[in-house]
Amino acid sequence: MASPAFSRLSVRGVTLSDYRNYARAALQLEGLPVVLTGANGAGKTNLLEALSLFASGRGLRQAPFESLPRTQGDGNWSVGIRLETPRGEIRLGTGQDGRQGPRSRIIRIDGENRRSARLFSEHVRLIWLTPAMDRLMTGPASGRRHFFDRLVISDDPSHARRLNRFERAMRERNRLLEHPGPDASWLAALEVQMAETGTAIAAARREMAARLNAAISRMHVVRSMRVFPRARLHMQGELEDQLDFMAAVDVEDQYRTLLGDSRRRDAAAGRTLAGPHRSELLIRHEPKGVAAAHCSTGEQKALLVAIILGQARLVAQDMNGLPPVLLLDEIAAHLDEVRRQSLFETVTDLGAQAFMTGTDTNLFAPLRKRAQFVMVDDGAFRAG
């Protein structure tokens with residue numbers, strides 16, 4: 001394994017106040033990969049969740065912000081990180097202050113209040129892998145769709161805005177269709193917006209699948225990646241499939257017409273039955289030629305690792321060589337010794353700062369001289 005190198009973009013400090021099980025805590029970091037160990041319930045995943053709030057959305061647990069304050073606190077919480085970047089140090093902060101409204105979220109960049117968390121993506125990108133994703137291959141299609149959309153967002157933050165606009169328009173259309181004699185002109189306007197954003201969503205997913213498949217294939221030239229099976233991804237959906245042989249403007253027109261013609265059917269169903277919200281992410285174990293759902297638990301975990309590492313390389317390419325911050329919760333689970341070693345080598349070669357958690361420090365022994373080890377104990381940190 002190569003000698004340790006400081007990431008050109010790294011988290012150098014984290015502060016937490018009344019967040020989950022953290023009353024007041026501060027963690028100073030060296031820019032290296034970080035290994036977080038400790039007993040179950042110590043706060044390892046809580047720390048990763050806190051870091052994930054600096055991506056679009058509600059973090060790796062998708063928890064309501066109202067659930068994040070410490071039980072014994074005053075109902076407010078805050079998280080801050082200090083970033084080292086090629087442009088110098090940047091401080092990002094987020095939190096919630098009940099005095100500003102129960103749903104208000106604070107967004108700060110270098111001490112200045114901002115309107116949207118999407119602005120964090122101008123300074124840092126984050127990708128995560130959690131134990132909950134171990135059931136991704138065999139779970140509902142919505143889970144795989146959300147997983148893939150998060151990958152698209154990590155490379156193209158504007159995808160989150162497209163998804164939100166489509167969801168809002170679709171919910172409003174569904175609401176109108178609940179009542180007899182809905183306003184036809186308002187329905188038509190909503191369907192125009194759904195067609196525009198829905199086609200853009202499908203196009204972004206289709207492009208990302210192609211780029212990610214190519215990145216994963218290229219990574220298999222690297223020796224350390226050959227122990228991870230080559231994954232192949234395909235987003236299957238009405239709009240995505242039409243984009244294979246139709247121009248985007250024609251797909252948009254056809255979807256808009258379909259929505260208009262389907263009002264009675266959708267009203268009877270109580271939901272919109274066609275669109276990118278119904279698409280399915282198909283994942284295959286390429287060497288075996290079988291669907292990931294039919295692979296062993298270990299193979300499914302290895303496929304997910306390959307996808308995450310391929311995405312990390314894509315993000316680095318699009319961010320002028322700056323890799324994303326990786327949040328890898330209980331990453332050693334279901335990985336044998338050879339694959340763990342290969343994962344550590346690949347993370348080091350990427351130059352990415354990865355936060356890795358586990359209960360057994362020995363599983364991370366190959367990183368002892370190449371990472372910063374931190375023990376987490378009931379919401380407090382000490383050198384590991």
# chains A, B, ... in the order shown; residues from 1 in each chain; ligands from 1
$ closest_atom_pairs --of "region 268-336 of chain A" --to "region 27-37 of chain A" --cutoff "10 Å" --atoms "only C-alpha atoms" --output "JSON lines"
{"residue": "A:Val325", "atom": "CA", "partner": "A:Pro33", "partner_atom": "CA", "distance": 9.4}
{"residue": "A:Leu326", "atom": "CA", "partner": "A:Pro33", "partner_atom": "CA", "distance": 9.1}
{"residue": "A:Leu327", "atom": "CA", "partner": "A:Val34", "partner_atom": "CA", "distance": 9.7}
{"residue": "A:Leu328", "atom": "CA", "partner": "A:Val35", "partner_atom": "CA", "distance": 9.7}
{"residue": "A:Asp329", "atom": "CA", "partner": "A:Leu36", "partner_atom": "CA", "distance": 9.3}
{"residue": "A:Glu330", "atom": "CA", "partner": "A:Thr37", "partner_atom": "CA", "distance": 9.5}
$ residues_around --residues "Glu196 (chain A)" --least-positions-apart "6" --cutoff "12 Å" --atoms "only C-alpha atoms" --output "number ranges by chain"
A: 162-163, 165-166, 169, 189-190, 202-203, 239, 248-256, 275-276
$ write_last_selection --atoms "N, CA and C atoms" --output "PDB file, in the first residue's frame"
ATOM      1  N   ARG A 162     -34.228  19.033  -9.569  1.00  0.00           N
ATOM      2  CA  ARG A 162     -35.139  18.417 -10.544  1.00  0.00           C
ATOM      3  C   ARG A 162     -36.099  17.450  -9.857  1.00  0.00           C
ATOM      4  N   LEU A 163     -35.546  16.613  -8.966  1.00  0.00           N
ATOM      5  CA  LEU A 163     -36.385  15.649  -8.259  1.00  0.00           C
ATOM      6  C   LEU A 163     -37.447  16.348  -7.415  1.00  0.00           C
ATOM      7  N   ARG A 165     -38.730  19.372  -7.812  1.00  0.00           N
ATOM      8  CA  ARG A 165     -39.732  20.032  -8.655  1.00  0.00           C
ATOM      9  C   ARG A 165     -40.725  19.020  -9.213  1.00  0.00           C
ATOM     10  N   PHE A 166     -40.213  17.860  -9.630  1.00  0.00           N
ATOM     11  CA  PHE A 166     -41.113  16.837 -10.156  1.00  0.00           C
ATOM     12  C   PHE A 166     -42.059  16.335  -9.062  1.00  0.00           C
ATOM     13  N   ALA A 169     -44.792  18.929  -8.239  1.00  0.00           N
ATOM     14  CA  ALA A 169     -45.801  19.015  -9.297  1.00  0.00           C
ATOM     15  C   ALA A 169     -46.680  17.767  -9.304  1.00  0.00           C
ATOM     16  N   ALA A 189     -50.685  22.843 -16.832  1.00  0.00           N
ATOM     17  CA  ALA A 189     -49.436  23.509 -16.446  1.00  0.00           C
ATOM     18  C   ALA A 189     -48.567  22.585 -15.605  1.00  0.00           C
ATOM     19  N   LEU A 190     -49.188  21.852 -14.688  1.00  0.00           N
ATOM     20  CA  LEU A 190     -48.434  20.913 -13.862  1.00  0.00           C
ATOM     21  C   LEU A 190     -47.844  19.790 -14.714  1.00  0.00           C
ATOM     22  N   ALA A 202     -34.759  11.521 -16.140  1.00  0.00           N
ATOM     23  CA  ALA A 202     -34.443  10.285 -16.854  1.00  0.00           C
ATOM     24  C   ALA A 202     -33.128  10.408 -17.623  1.00  0.00           C
ATOM     25  N   ALA A 203     -32.914  11.558 -18.259  1.00  0.00           N
ATOM     26  CA  ALA A 203     -31.684  11.758 -19.029  1.00  0.00           C
ATOM     27  C   ALA A 203     -30.459  11.758 -18.116  1.00  0.00           C
ATOM     28  N   LEU A 239     -39.461   6.520 -19.645  1.00  0.00           N
ATOM     29  CA  LEU A 239     -38.761   7.672 -20.208  1.00  0.00           C
ATOM     30  C   LEU A 239     -37.317   7.321 -20.538  1.00  0.00           C
ATOM     31  N   ALA A 248     -34.795  14.076 -26.670  1.00  0.00           N
ATOM     32  CA  ALA A 248     -35.372  14.443 -25.375  1.00  0.00           C
ATOM     33  C   ALA A 248     -36.642  15.265 -25.545  1.00  0.00           C
ATOM     34  N   VAL A 249     -36.677  16.184 -26.526  1.00  0.00           N
ATOM     35  CA  VAL A 249     -37.847  17.034 -26.707  1.00  0.00           C
ATOM     36  C   VAL A 249     -39.055  16.197 -27.112  1.00  0.00           C
ATOM     37  N   ASP A 250     -38.822  15.114 -27.868  1.00  0.00           N
ATOM     38  CA  ASP A 250     -39.930  14.244 -28.280  1.00  0.00           C
ATOM     39  C   ASP A 250     -40.410  13.386 -27.106  1.00  0.00           C
ATOM     40  N   VAL A 251     -39.468  12.935 -26.274  1.00  0.00           N
ATOM     41  CA  VAL A 251     -39.850  12.177 -25.072  1.00  0.00           C
ATOM     42  C   VAL A 251     -40.684  13.053 -24.153  1.00  0.00           C
ATOM     43  N   GLU A 252     -40.281  14.295 -24.020  1.00  0.00           N
ATOM     44  CA  GLU A 252     -41.011  15.238 -23.172  1.00  0.00           C
ATOM     45  C   GLU A 252     -42.432  15.451 -23.685  1.00  0.00           C
ATOM     46  N   ASP A 253     -42.569  15.655 -25.006  1.00  0.00           N
ATOM     47  CA  ASP A 253     -43.899  15.856 -25.591  1.00  0.00           C
ATOM     48  C   ASP A 253     -44.773  14.621 -25.401  1.00  0.00           C
ATOM     49  N   GLN A 254     -44.192  13.454 -25.593  1.00  0.00           N
ATOM     50  CA  GLN A 254     -44.965  12.217 -25.482  1.00  0.00           C
ATOM     51  C   GLN A 254     -45.415  11.985 -24.033  1.00  0.00           C
ATOM     52  N   TYR A 255     -44.548  12.289 -23.072  1.00  0.00           N
ATOM     53  CA  TYR A 255     -44.914  12.097 -21.664  1.00  0.00           C
ATOM     54  C   TYR A 255     -45.996  13.087 -21.257  1.00  0.00           C
ATOM     55  N   ARG A 256     -45.897  14.314 -21.743  1.00  0.00           N
ATOM     56  CA  ARG A 256     -46.928  15.308 -21.433  1.00  0.00           C
ATOM     57  C   ARG A 256     -48.288  14.850 -21.971  1.00  0.00           C
ATOM     58  N   GLY A 275     -44.045   7.532 -15.050  1.00  0.00           N
ATOM     59  CA  GLY A 275     -43.065   8.595 -14.864  1.00  0.00           C
ATOM     60  C   GLY A 275     -41.780   8.075 -14.264  1.00  0.00           C
ATOM     61  N   PRO A 276     -40.806   8.946 -14.065  1.00  0.00           N
ATOM     62  CA  PRO A 276     -39.500   8.522 -13.549  1.00  0.00           C
ATOM     63  C   PRO A 276     -39.547   8.016 -12.114  1.00  0.00           C
TER      64      PRO A 276
END
$ select_by_dssp --residues "region 85-210 of chain A" --states "strand (DSSP E or B)" --output "MDAnalysis selection string"
chainID A and resid 85 88:96 106:109 112:113 126:129
$ closest_atom_pairs --of "region 43-96 of chain A" --to "region 130-134 of chain A" --cutoff "10 Å" --atoms "only C-alpha atoms" --output "Markdown table"
| residue | atom | partner | partner_atom | distance |
| --- | --- | --- | --- | --- |
| A:Thr45 | CA | A:Thr130 | CA | 8.9 |
| A:Leu48 | CA | A:Thr130 | CA | 9.7 |
| A:Leu60 | CA | A:Thr130 | CA | 7.9 |
| A:Arg61 | CA | A:Ala132 | CA | 9.0 |
$ closest_residue --among "A:Lys288, A:Arg171, A:His334, A:Arg313" --to "Met194 (chain A)" --atoms "only C-alpha atoms"
A:Arg171
$ closest_residue --among "A:Leu363, A:Ala141, A:Ala354, A:Ala195" --to "Glu280 (chain A)" --atoms "only C-alpha atoms"
A:Ala141
$ residues_around --residues "region 42-44 of chain A" --least-positions-apart "4" --cutoff "10 Å" --atoms "only C-alpha atoms" --output "ChimeraX atom specification"
/A:20-22,35-38,48-49,329-330,355-359,374-381
$ closest_residue --among "A:Leu335, A:Arg145, A:Ala383, A:Gln372" --to "Leu303 (chain A)" --atoms "only C-alpha atoms"
A:Leu335
$ select_by_dssp --residues "region 87-321 of chain A" --states "helix (DSSP H, G or I)" --output "PyMOL selection string"
chain A and resi 98-100+117-122+131-135+141-155+158-177+184-219+223-225+238-242+248-261+263-269+276-278+292-294+297-318
$ residues_around --residues "Val79 (chain A)" --least-positions-apart "3" --cutoff "6 Å" --atoms "only C-alpha atoms" --output "number ranges by chain"
A: 15-16, 93-94
$ residues_around --residues "Arg173 (chain A)" --least-positions-apart "3" --cutoff "8 Å" --atoms "only C-alpha atoms" --output "PyMOL selection string"
chain A and resi 169-170+176-177+187+190-191
$ write_last_selection --atoms "N, CA, C and O atoms" --output "PDB file, in the first residue's frame"
ATOM      1  N   ALA A 169     -44.792  18.929  -8.239  1.00  0.00           N
ATOM      2  CA  ALA A 169     -45.801  19.015  -9.297  1.00  0.00           C
ATOM      3  C   ALA A 169     -46.680  17.767  -9.304  1.00  0.00           C
ATOM      4  O   ALA A 169     -47.902  17.861  -9.479  1.00  0.00           O
ATOM      5  N   MET A 170     -46.090  16.614  -9.113  1.00  0.00           N
ATOM      6  CA  MET A 170     -46.869  15.373  -9.118  1.00  0.00           C
ATOM      7  C   MET A 170     -47.836  15.325  -7.934  1.00  0.00           C
ATOM      8  O   MET A 170     -48.995  14.925  -8.090  1.00  0.00           O
ATOM      9  N   LEU A 176     -55.226  17.533  -7.109  1.00  0.00           N
ATOM     10  CA  LEU A 176     -56.297  18.064  -7.957  1.00  0.00           C
ATOM     11  C   LEU A 176     -57.196  16.962  -8.489  1.00  0.00           C
ATOM     12  O   LEU A 176     -58.417  17.118  -8.586  1.00  0.00           O
ATOM     13  N   LEU A 177     -56.591  15.821  -8.832  1.00  0.00           N
ATOM     14  CA  LEU A 177     -57.365  14.726  -9.412  1.00  0.00           C
ATOM     15  C   LEU A 177     -58.273  14.037  -8.393  1.00  0.00           C
ATOM     16  O   LEU A 177     -59.151  13.252  -8.779  1.00  0.00           O
ATOM     17  N   LEU A 187     -54.023  21.754 -14.323  1.00  0.00           N
ATOM     18  CA  LEU A 187     -53.498  20.404 -14.549  1.00  0.00           C
ATOM     19  C   LEU A 187     -52.515  20.398 -15.715  1.00  0.00           C
ATOM     20  O   LEU A 187     -51.447  19.786 -15.642  1.00  0.00           O
ATOM     21  N   LEU A 190     -49.188  21.852 -14.688  1.00  0.00           N
ATOM     22  CA  LEU A 190     -48.434  20.913 -13.862  1.00  0.00           C
ATOM     23  C   LEU A 190     -47.844  19.790 -14.714  1.00  0.00           C
ATOM     24  O   LEU A 190     -46.709  19.345 -14.482  1.00  0.00           O
ATOM     25  N   GLU A 191     -48.593  19.344 -15.698  1.00  0.00           N
ATOM     26  CA  GLU A 191     -48.112  18.250 -16.559  1.00  0.00           C
ATOM     27  C   GLU A 191     -46.975  18.704 -17.458  1.00  0.00           C
ATOM     28  O   GLU A 191     -46.066  17.918 -17.769  1.00  0.00           O
TER      29      GLU A 191
END
$ atom_distance --atom1 "CA of Arg58 (chain A)" --atom2 "CA of Asp318 (chain A)"
23.7 Å
$ residues_around --residues "Ser10 (chain A)" --least-positions-apart "2" --cutoff "12 Å" --atoms "only C-alpha atoms" --output "VMD selection string"
chain A and resid 5 to 8 12 to 14 28 to 34 51 81 to 86 88 to 91 123 to 126 322 to 326 351 to 355
$ residues_around --residues "Ala291 (chain A)" --least-positions-apart "5" --cutoff "12 Å" --atoms "only C-alpha atoms" --output "number ranges by chain"
A: 137-138, 231-234, 281-286, 296, 299-300, 303
$ closest_residue --among "A:Ala55, A:Glu238, A:Thr272, A:Glu207" --to "Ser154 (chain A)" --atoms "only C-alpha atoms"
A:Ala55
$ closest_residue --among "A:Ser185, A:Thr297, A:Phe364, A:Asp266" --to "Leu136 (chain A)" --atoms "only C-alpha atoms"
A:Thr297
$ closest_residue --among "A:Arg175, A:Arg118, A:Arg24, A:Arg263" --to "Ser78 (chain A)" --atoms "only C-alpha atoms"
A:Arg24
$ decode --residues "region 46-148 of chain A" --atoms "C-alpha atoms" --output "PDB file, in the first residue's frame"
ATOM      1  CA  ASN A  46     -24.294   9.568  14.519  1.00  0.00           C
ATOM      2  CA  LEU A  47     -21.036  11.264  13.547  1.00  0.00           C
ATOM      3  CA  LEU A  48     -21.285   9.990   9.972  1.00  0.00           C
ATOM      4  CA  GLU A  49     -24.884  11.183   9.835  1.00  0.00           C
ATOM      5  CA  ALA A  50     -23.794  14.625  11.048  1.00  0.00           C
ATOM      6  CA  LEU A  51     -21.231  14.814   8.228  1.00  0.00           C
ATOM      7  CA  SER A  52     -23.803  13.641   5.674  1.00  0.00           C
ATOM      8  CA  LEU A  53     -25.932  16.709   6.429  1.00  0.00           C
ATOM      9  CA  PHE A  54     -23.481  18.699   4.307  1.00  0.00           C
ATOM     10  CA  ALA A  55     -24.921  16.986   1.236  1.00  0.00           C
ATOM     11  CA  SER A  56     -28.331  17.743  -0.278  1.00  0.00           C
ATOM     12  CA  GLY A  57     -31.224  16.131   1.536  1.00  0.00           C
ATOM     13  CA  ARG A  58     -31.679  14.894   5.080  1.00  0.00           C
ATOM     14  CA  GLY A  59     -28.549  12.830   5.516  1.00  0.00           C
ATOM     15  CA  LEU A  60     -27.770   9.143   5.444  1.00  0.00           C
ATOM     16  CA  ARG A  61     -30.633   8.156   7.749  1.00  0.00           C
ATOM     17  CA  GLN A  62     -33.185  10.428   6.027  1.00  0.00           C
ATOM     18  CA  ALA A  63     -34.335  11.462   9.504  1.00  0.00           C
ATOM     19  CA  PRO A  64     -36.525  14.544  10.085  1.00  0.00           C
ATOM     20  CA  PHE A  65     -34.430  17.401  11.428  1.00  0.00           C
ATOM     21  CA  GLU A  66     -36.769  17.608  14.411  1.00  0.00           C
ATOM     22  CA  SER A  67     -35.495  14.177  15.525  1.00  0.00           C
ATOM     23  CA  LEU A  68     -31.827  15.190  15.636  1.00  0.00           C
ATOM     24  CA  PRO A  69     -31.594  17.170  18.925  1.00  0.00           C
ATOM     25  CA  ARG A  70     -30.174  15.429  21.985  1.00  0.00           C
ATOM     26  CA  THR A  71     -32.958  14.143  24.227  1.00  0.00           C
ATOM     27  CA  GLN A  72     -31.653  16.049  27.252  1.00  0.00           C
ATOM     28  CA  GLY A  73     -31.017  19.243  25.267  1.00  0.00           C
ATOM     29  CA  ASP A  74     -33.137  22.323  24.636  1.00  0.00           C
ATOM     30  CA  GLY A  75     -34.437  21.171  21.252  1.00  0.00           C
ATOM     31  CA  ASN A  76     -31.745  22.919  19.204  1.00  0.00           C
ATOM     32  CA  TRP A  77     -28.704  21.295  17.572  1.00  0.00           C
ATOM     33  CA  SER A  78     -25.706  22.280  15.500  1.00  0.00           C
ATOM     34  CA  VAL A  79     -22.918  20.665  13.496  1.00  0.00           C
ATOM     35  CA  GLY A  80     -19.866  22.428  12.104  1.00  0.00           C
ATOM     36  CA  ILE A  81     -16.965  21.259   9.984  1.00  0.00           C
ATOM     37  CA  ARG A  82     -13.679  22.870   9.066  1.00  0.00           C
ATOM     38  CA  LEU A  83     -12.549  22.017   5.544  1.00  0.00           C
ATOM     39  CA  GLU A  84      -9.066  22.235   4.087  1.00  0.00           C
ATOM     40  CA  THR A  85      -9.330  22.912   0.351  1.00  0.00           C
ATOM     41  CA  PRO A  86      -6.962  24.028  -2.413  1.00  0.00           C
ATOM     42  CA  ARG A  87      -8.473  27.494  -1.959  1.00  0.00           C
ATOM     43  CA  GLY A  88      -7.802  27.544   1.757  1.00  0.00           C
ATOM     44  CA  GLU A  89      -9.829  26.829   4.849  1.00  0.00           C
ATOM     45  CA  ILE A  90     -13.631  26.927   4.711  1.00  0.00           C
ATOM     46  CA  ARG A  91     -16.046  26.504   7.605  1.00  0.00           C
ATOM     47  CA  LEU A  92     -19.499  25.048   7.054  1.00  0.00           C
ATOM     48  CA  GLY A  93     -22.256  24.877   9.622  1.00  0.00           C
ATOM     49  CA  THR A  94     -25.806  23.641   9.913  1.00  0.00           C
ATOM     50  CA  GLY A  95     -28.340  23.177  12.652  1.00  0.00           C
ATOM     51  CA  GLN A  96     -31.757  24.065  13.937  1.00  0.00           C
ATOM     52  CA  ASP A  97     -32.867  26.852  16.236  1.00  0.00           C
ATOM     53  CA  GLY A  98     -36.397  26.494  17.546  1.00  0.00           C
ATOM     54  CA  ARG A  99     -36.633  30.242  18.085  1.00  0.00           C
ATOM     55  CA  GLN A 100     -36.626  30.651  14.290  1.00  0.00           C
ATOM     56  CA  GLY A 101     -39.474  28.181  13.742  1.00  0.00           C
ATOM     57  CA  PRO A 102     -39.817  24.433  14.250  1.00  0.00           C
ATOM     58  CA  ARG A 103     -38.852  23.587  10.674  1.00  0.00           C
ATOM     59  CA  SER A 104     -36.165  26.196  10.060  1.00  0.00           C
ATOM     60  CA  ARG A 105     -32.688  24.954   9.271  1.00  0.00           C
ATOM     61  CA  ILE A 106     -29.597  27.080   9.620  1.00  0.00           C
ATOM     62  CA  ILE A 107     -27.112  27.006   6.726  1.00  0.00           C
ATOM     63  CA  ARG A 108     -23.806  28.843   7.181  1.00  0.00           C
ATOM     64  CA  ILE A 109     -20.698  29.128   5.026  1.00  0.00           C
ATOM     65  CA  ASP A 110     -17.751  30.935   6.601  1.00  0.00           C
ATOM     66  CA  GLY A 111     -20.090  32.431   9.185  1.00  0.00           C
ATOM     67  CA  GLU A 112     -22.591  33.851   6.681  1.00  0.00           C
ATOM     68  CA  ASN A 113     -26.185  32.598   6.561  1.00  0.00           C
ATOM     69  CA  ARG A 114     -27.210  31.028   3.255  1.00  0.00           C
ATOM     70  CA  ARG A 115     -30.571  29.942   1.898  1.00  0.00           C
ATOM     71  CA  SER A 116     -29.911  26.425   0.632  1.00  0.00           C
ATOM     72  CA  ALA A 117     -27.854  23.420   1.724  1.00  0.00           C
ATOM     73  CA  ARG A 118     -27.159  22.787  -1.955  1.00  0.00           C
ATOM     74  CA  LEU A 119     -24.504  25.511  -1.699  1.00  0.00           C
ATOM     75  CA  PHE A 120     -22.419  23.139   0.438  1.00  0.00           C
ATOM     76  CA  SER A 121     -21.762  21.108  -2.726  1.00  0.00           C
ATOM     77  CA  GLU A 122     -19.621  23.946  -4.077  1.00  0.00           C
ATOM     78  CA  HIS A 123     -17.092  23.071  -1.379  1.00  0.00           C
ATOM     79  CA  VAL A 124     -17.452  19.363  -0.592  1.00  0.00           C
ATOM     80  CA  ARG A 125     -19.136  16.260  -2.003  1.00  0.00           C
ATOM     81  CA  LEU A 126     -20.024  13.243   0.128  1.00  0.00           C
ATOM     82  CA  ILE A 127     -20.865   9.630  -0.730  1.00  0.00           C
ATOM     83  CA  TRP A 128     -21.927   7.048   1.827  1.00  0.00           C
ATOM     84  CA  LEU A 129     -22.458   3.342   2.258  1.00  0.00           C
ATOM     85  CA  THR A 130     -24.382   2.051   5.277  1.00  0.00           C
ATOM     86  CA  PRO A 131     -25.547  -1.363   6.563  1.00  0.00           C
ATOM     87  CA  ALA A 132     -29.114  -0.439   5.592  1.00  0.00           C
ATOM     88  CA  MET A 133     -27.969  -0.604   1.975  1.00  0.00           C
ATOM     89  CA  ASP A 134     -27.033  -4.272   2.385  1.00  0.00           C
ATOM     90  CA  ARG A 135     -30.698  -5.031   1.636  1.00  0.00           C
ATOM     91  CA  LEU A 136     -30.704  -2.782  -1.419  1.00  0.00           C
ATOM     92  CA  MET A 137     -30.484  -5.552  -4.014  1.00  0.00           C
ATOM     93  CA  THR A 138     -33.473  -7.484  -2.705  1.00  0.00           C
ATOM     94  CA  GLY A 139     -35.551  -4.621  -1.308  1.00  0.00           C
ATOM     95  CA  PRO A 140     -38.187  -2.478  -3.001  1.00  0.00           C
ATOM     96  CA  ALA A 141     -37.450  -0.627  -6.234  1.00  0.00           C
ATOM     97  CA  SER A 142     -37.868   2.717  -4.468  1.00  0.00           C
ATOM     98  CA  GLY A 143     -34.759   2.020  -2.356  1.00  0.00           C
ATOM     99  CA  ARG A 144     -32.591   1.349  -5.398  1.00  0.00           C
ATOM    100  CA  ARG A 145     -34.015   4.387  -7.158  1.00  0.00           C
ATOM    101  CA  HIS A 146     -33.197   6.610  -4.175  1.00  0.00           C
ATOM    102  CA  PHE A 147     -29.701   5.100  -3.926  1.00  0.00           C
ATOM    103  CA  PHE A 148     -28.987   5.838  -7.573  1.00  0.00           C
TER     104      PHE A 148
END
